[in-house]
Amino acid sequence: MFRRPLSPLLAALCFGLAGLAQAQVNVTTPWVRATTPAQKATGAFMQLQSPSDTALVSASSPVAGVVEIHEMAMNNNVMSMRRIPKLDLPAKISVELKPGSYHIMLMDLKQQVKAGDKVPLTLVFEDAKKQQQKLDVQAEARELTAMPASGHHHH
Amino acid sequence: MTPTALPRRRLLGAALAAALLAACDTPPAPPLAQYNATVISDPAFGRDFRLKDPQGRERSLADWRGKVVLVFFGYTQCPDACPTALSRAAAVMKLLGADADKVQVLFVSLDPERDTPALLSEYVPSFDPRFLGLYTTPEATPGVAADFKVFYRRNPGATPSTYTIDHSVTTYTYNRRGQLRLLIGHDSLPEQVAADLRQLLQE
């Protein structure tokens, strides 16, 4: 539904055109926390870096009915989670979506996310001129017990 | 070594000498336990609970007398703080080795509407098979939270099923006699928690 197979040539062409119009946001190590079969929500995490000022304004995924950008904050040992309308990406600054900070919240999951799965995510960026840029990424599902500090699996 | 290290060490030495002198005058007190977590004694909150396990059995703190008990409140749709706290607890169990059998980790749902017994029974033990999820009715949940001074609040979501919950992330830790002794903060490292639990097991 969301992933139409693109021929490599077409993909390269699209990529090139996008590159001409707008420099691409760089997405590093996108991952999703795996779920148990009955769980209906999980979080996606990654690092984003844009060559020019832009913002992450929305995301979608075929595995989730609702996808939102959230900010987690800790005050007096109370965790609060807020939907934010956008996540600003100042030029050349790496912004990290990680446990304890920002995440992309995947809700109303349509299926279990198993460790090792590749979860398709479409990220939508918008710059100050309202120019939108869409980017498809594959987020690797890590074990439910993945710890925030390290990017490594626990055994 | 920084240049300031020497005077500080001298100060410490003086303090130690003073302490030793003082010790000659007074009978030696038992060494004060040094915990990483916040130590509390006989608080008016978190004294006990009446909850259900996923099999529907009534459970209370006395069921684990003789064990150190850790209680964490959360909800399974939580993408962040709850899996982090449960993952840390699982790491602590590994660090404790054989002592882990004297420790029980309990996860109390603040979201009984969505955290069904089936979901609790698959989610909580996925971190460590010894962990147990507990819940009560939606009507009784606020009272349990109040008994523990657990703050929580629902934030409406885009759809009726996608609300999120702000909540306290303190881990309530009991000694083997069922007394609430330690409040473990969210930033604690597994090594710190394991050291605290080893010490608490001696109480």
# chains A, B, ... in the order shown; residues from 1 in each chain; ligands from 1

call {"tool": "residues_around", "arguments": {"residues": "segment 111-121 of chain A", "least_positions_apart": "4", "cutoff": "10 Å", "atoms": "only C-alpha atoms", "output": "PyMOL selection string"}}
result
chain A and resi 2-3+30-42+44+59-64+67+104+106+135-144

call {"tool": "interface_residues", "arguments": {"of": "chain B", "to": "chain A", "cutoff": "7 Å", "atoms": "only C-alpha atoms", "output": "PyMOL selection string"}}
result
chain B and resi 77+79-81+83-84+87+119+122-123+127+162+164+166-170+185-186

call {"tool": "residues_around", "arguments": {"residues": "Lys129 of chain A", "least_positions_apart": "2", "cutoff": "12 Å", "atoms": "only C-alpha atoms", "output": "VMD selection string"}}
result
chain A and resid 22 52 to 55 125 to 127 131 to 133

call {"tool": "write_last_selection", "arguments": {"atoms": "N, CA and C atoms", "output": "mmCIF file, in the first residue's frame"}}
result
data_model
loop_
_atom_site.group_PDB
_atom_site.id
_atom_site.type_symbol
_atom_site.label_atom_id
_atom_site.label_comp_id
_atom_site.auth_asym_id
_atom_site.auth_seq_id
_atom_site.Cartn_x
_atom_site.Cartn_y
_atom_site.Cartn_z
ATOM 1 N N GLN A 22 16.007 20.056 -3.130
ATOM 2 C CA GLN A 22 16.151 20.206 -1.697
ATOM 3 C C GLN A 22 17.213 19.236 -1.247
ATOM 4 N N SER A 52 19.951 21.868 5.714
ATOM 5 C CA SER A 52 19.361 23.202 5.845
ATOM 6 C C SER A 52 18.221 23.131 6.854
ATOM 7 N N ASP A 53 17.795 24.306 7.344
ATOM 8 C CA ASP A 53 16.729 24.319 8.355
ATOM 9 C C ASP A 53 15.470 23.656 7.826
ATOM 10 N N THR A 54 14.944 22.718 8.580
ATOM 11 C CA THR A 54 13.682 22.085 8.229
ATOM 12 C C THR A 54 13.059 21.541 9.507
ATOM 13 N N ALA A 55 11.977 20.804 9.355
ATOM 14 C CA ALA A 55 11.332 20.210 10.534
ATOM 15 C C ALA A 55 10.657 18.914 10.131
ATOM 16 N N PHE A 125 9.104 15.989 5.949
ATOM 17 C CA PHE A 125 9.800 17.185 6.431
ATOM 18 C C PHE A 125 9.225 18.405 5.737
ATOM 19 N N GLU A 126 9.252 19.527 6.433
ATOM 20 C CA GLU A 126 8.750 20.763 5.830
ATOM 21 C C GLU A 126 9.662 21.907 6.241
ATOM 22 N N ASP A 127 10.113 22.673 5.247
ATOM 23 C CA ASP A 127 10.990 23.793 5.567
ATOM 24 C C ASP A 127 10.170 25.079 5.730
ATOM 25 N N GLN A 131 7.911 23.899 1.804
ATOM 26 C CA GLN A 131 8.289 22.867 0.846
ATOM 27 C C GLN A 131 8.388 21.543 1.590
ATOM 28 N N GLN A 132 7.637 20.550 1.124
ATOM 29 C CA GLN A 132 7.661 19.267 1.805
ATOM 30 C C GLN A 132 8.590 18.289 1.117
ATOM 31 N N GLN A 133 9.159 17.452 1.916
ATOM 32 C CA GLN A 133 10.038 16.408 1.409
ATOM 33 C C GLN A 133 9.672 15.115 2.126
#

call {"tool": "atom_distance", "arguments": {"atom1": "atom CA of Cys82 of chain B", "atom2": "atom CA of Ile93 of chain A"}}
result
28.9 Å

call {"tool": "closest_residue", "arguments": {"among": "B:Leu110, B:Leu182, B:Leu96, B:Leu70", "to": "Pro138 of chain B", "atoms": "only C-alpha atoms"}}
result
B:Leu110

call {"tool": "select_by_dssp", "arguments": {"residues": "chain A", "states": "helix (DSSP H, G or I)", "output": "PyMOL selection string"}}
result
chain A and resi 8-21

call {"tool": "write_last_selection", "arguments": {"atoms": "C-alpha atoms", "output": "short mmCIF file (atom, residue, chain, number, x, y, z; two decimals), in the first residue's frame"}}
result
data_model
loop_
_atom_site.label_atom_id
_atom_site.label_comp_id
_atom_site.auth_asym_id
_atom_site.auth_seq_id
_atom_site.Cartn_x
_atom_site.Cartn_y
_atom_site.Cartn_z
CA PRO A 8 16.44 1.34 -9.47
CA LEU A 9 16.62 3.83 -12.36
CA LEU A 10 13.44 5.59 -11.29
CA ALA A 11 14.56 5.58 -7.69
CA ALA A 12 17.87 7.10 -8.68
CA LEU A 13 16.08 9.69 -10.76
CA CYS A 14 13.73 10.63 -7.93
CA PHE A 15 16.61 10.76 -5.53
CA GLY A 16 18.54 13.00 -7.92
CA LEU A 17 15.61 15.35 -8.47
CA ALA A 18 14.93 15.60 -4.77
CA GLY A 19 18.60 16.36 -4.34
CA LEU A 20 18.34 19.19 -6.84
CA ALA A 21 15.25 20.72 -5.31
#

call {"tool": "atom_distance", "arguments": {"atom1": "atom CA of Asn26 of chain A", "atom2": "atom CA of Ser50 of chain A"}}
result
6.1 Å

call {"tool": "residues_around", "arguments": {"residues": "Gly133 of chain B", "least_positions_apart": "2", "cutoff": "9 Å", "atoms": "only C-alpha atoms", "output": "list of chain:residue names"}}
result
B:Lys52, B:Asp53, B:Pro54, B:Val105, B:Leu106, B:Phe107, B:Val108, B:Ser109, B:Pro117, B:Leu120, B:Ser121, B:Tyr123, B:Val124, B:Pro125, B:Phe131, B:Tyr135

call {"tool": "select_by_dssp", "arguments": {"residues": "segment 18-76 of chain A", "states": "strand (DSSP E or B)", "output": "ChimeraX atom specification"}}
result
/A:26-33,41-49,54-60,64-75

call {"tool": "write_last_selection", "arguments": {"atoms": "N, CA and C atoms", "output": "CSV table (one decimal), in the first residue's frame"}}
result
chain,number,residue,atom,x,y,z
A,26,ASN,N,19.4,13.5,6.4
A,26,ASN,CA,20.1,12.3,6.6
A,26,ASN,C,19.5,11.6,7.9
A,27,VAL,N,19.1,10.3,7.6
A,27,VAL,CA,18.5,9.5,8.7
A,27,VAL,C,19.5,8.4,9.1
A,28,THR,N,19.9,8.4,10.4
A,28,THR,CA,20.9,7.4,10.8
A,28,THR,C,20.3,6.5,11.8
A,29,THR,N,20.6,5.2,11.7
A,29,THR,CA,20.2,4.1,12.6
A,29,THR,C,18.7,4.2,13.1
A,30,PRO,N,17.8,4.2,12.1
A,30,PRO,CA,16.4,4.1,12.6
A,30,PRO,C,16.1,2.8,13.2
A,31,TRP,N,15.4,2.8,14.4
A,31,TRP,CA,15.0,1.5,15.0
A,31,TRP,C,13.7,1.6,15.7
A,32,VAL,N,13.0,0.5,15.8
A,32,VAL,CA,11.7,0.5,16.5
A,32,VAL,C,11.8,-0.6,17.6
A,33,ARG,N,11.2,-0.3,18.7
A,33,ARG,CA,11.2,-1.3,19.8
A,33,ARG,C,10.2,-2.4,19.4
A,41,ALA,N,1.1,-0.5,20.8
A,41,ALA,CA,1.9,0.7,20.6
A,41,ALA,C,3.4,0.5,20.8
A,42,THR,N,4.2,1.3,20.1
A,42,THR,CA,5.6,1.2,20.3
A,42,THR,C,6.3,2.5,19.8
A,43,GLY,N,7.6,2.6,20.0
A,43,GLY,CA,8.3,3.9,19.6
A,43,GLY,C,9.3,3.6,18.6
A,44,ALA,N,9.5,4.6,17.7
A,44,ALA,CA,10.6,4.6,16.7
A,44,ALA,C,11.6,5.6,17.1
A,45,PHE,N,12.9,5.3,16.9
A,45,PHE,CA,14.0,6.2,17.3
A,45,PHE,C,15.0,6.3,16.1
A,46,MET,N,15.7,7.4,16.1
A,46,MET,CA,16.7,7.6,15.0
A,46,MET,C,17.5,8.9,15.2
A,47,GLN,N,18.5,9.1,14.4
A,47,GLN,CA,19.1,10.4,14.4
A,47,GLN,C,18.8,11.1,13.1
A,48,LEU,N,18.5,12.4,13.1
A,48,LEU,CA,18.2,13.2,11.9
A,48,LEU,C,19.1,14.3,11.8
A,49,GLN,N,19.6,14.5,10.6
A,49,GLN,CA,20.5,15.7,10.4
A,49,GLN,C,20.1,16.3,9.0
A,54,THR,N,14.9,22.7,8.6
A,54,THR,CA,13.7,22.1,8.2
A,54,THR,C,13.1,21.5,9.5
A,55,ALA,N,12.0,20.8,9.4
A,55,ALA,CA,11.3,20.2,10.5
A,55,ALA,C,10.7,18.9,10.1
A,56,LEU,N,10.7,18.0,11.0
A,56,LEU,CA,9.9,16.7,10.9
A,56,LEU,C,8.5,17.1,11.3
A,57,VAL,N,7.5,17.0,10.3
A,57,VAL,CA,6.1,17.4,10.6
A,57,VAL,C,5.2,16.2,10.7
A,58,SER,N,5.5,15.1,10.1
A,58,SER,CA,4.6,13.9,10.3
A,58,SER,C,5.3,12.7,9.9
A,59,ALA,N,4.7,11.6,10.2
A,59,ALA,CA,5.3,10.3,9.8
A,59,ALA,C,4.1,9.3,9.7
A,60,SER,N,4.4,8.3,8.9
A,60,SER,CA,3.3,7.2,8.7
A,60,SER,C,4.0,5.9,8.6
A,64,ALA,N,1.0,0.8,11.5
A,64,ALA,CA,0.3,1.5,12.6
A,64,ALA,C,-0.8,2.4,12.0
A,65,GLY,N,-1.9,2.4,12.8
A,65,GLY,CA,-3.0,3.2,12.4
A,65,GLY,C,-2.8,4.7,12.7
A,66,VAL,N,-2.1,5.0,13.7
A,66,VAL,CA,-1.8,6.3,14.1
A,66,VAL,C,-0.3,6.5,14.4
A,67,VAL,N,0.3,7.5,13.8
A,67,VAL,CA,1.7,7.8,14.0
A,67,VAL,C,1.8,9.2,14.4
A,68,GLU,N,2.5,9.5,15.5
A,68,GLU,CA,2.7,10.8,16.0
A,68,GLU,C,4.1,11.1,16.4
A,69,ILE,N,4.5,12.4,16.5
A,69,ILE,CA,5.8,12.8,16.9
A,69,ILE,C,5.6,13.2,18.4
A,70,HIS,N,6.4,12.6,19.3
A,70,HIS,CA,6.2,12.8,20.7
A,70,HIS,C,7.5,13.3,21.4
A,71,GLU,N,7.3,14.1,22.4
A,71,GLU,CA,8.4,14.5,23.2
A,71,GLU,C,8.2,13.9,24.6
A,72,MET,N,9.2,13.3,25.2
A,72,MET,CA,9.1,12.8,26.5
A,72,MET,C,9.9,13.7,27.4
A,73,ALA,N,9.4,14.0,28.5
A,73,ALA,CA,10.1,14.9,29.5
A,73,ALA,C,10.0,14.3,30.9
A,74,MET,N,11.0,14.5,31.7
A,74,MET,CA,11.0,14.0,33.0
A,74,MET,C,11.1,15.2,34.0
A,75,ASN,N,10.1,15.3,34.9
A,75,ASN,CA,10.0,16.3,35.9
A,75,ASN,C,9.7,15.7,37.2

call {"tool": "atom_distance", "arguments": {"atom1": "atom CA of Thr76 of chain B", "atom2": "atom CA of Asp88 of chain A"}}
result
28.7 Å

call {"tool": "residues_around", "arguments": {"residues": "segment 187-202 of chain B", "least_positions_apart": "2", "cutoff": "8 Å", "atoms": "only C-alpha atoms", "output": "list in words"}}
result
Ala33, Tyr35, Asn36, Ala37, Lys67, Val68, Arg88, Ala89, Ala91, Val92, Met93, Leu95, Leu96, Asp99, Lys102, Asn175, Arg176, Ile184 and Gly185 of chain B

call {"tool": "closest_residue", "arguments": {"among": "B:Gly97, B:Pro43, B:Pro112, B:Gly66", "to": "Pro142 of chain B", "atoms": "only C-alpha atoms"}}
result
B:Pro112

call {"tool": "closest_residue", "arguments": {"among": "B:Ala158, B:Ala44, B:Val69, B:Ala100", "to": "Leu132 of chain B", "atoms": "only C-alpha atoms"}}
result
B:Val69
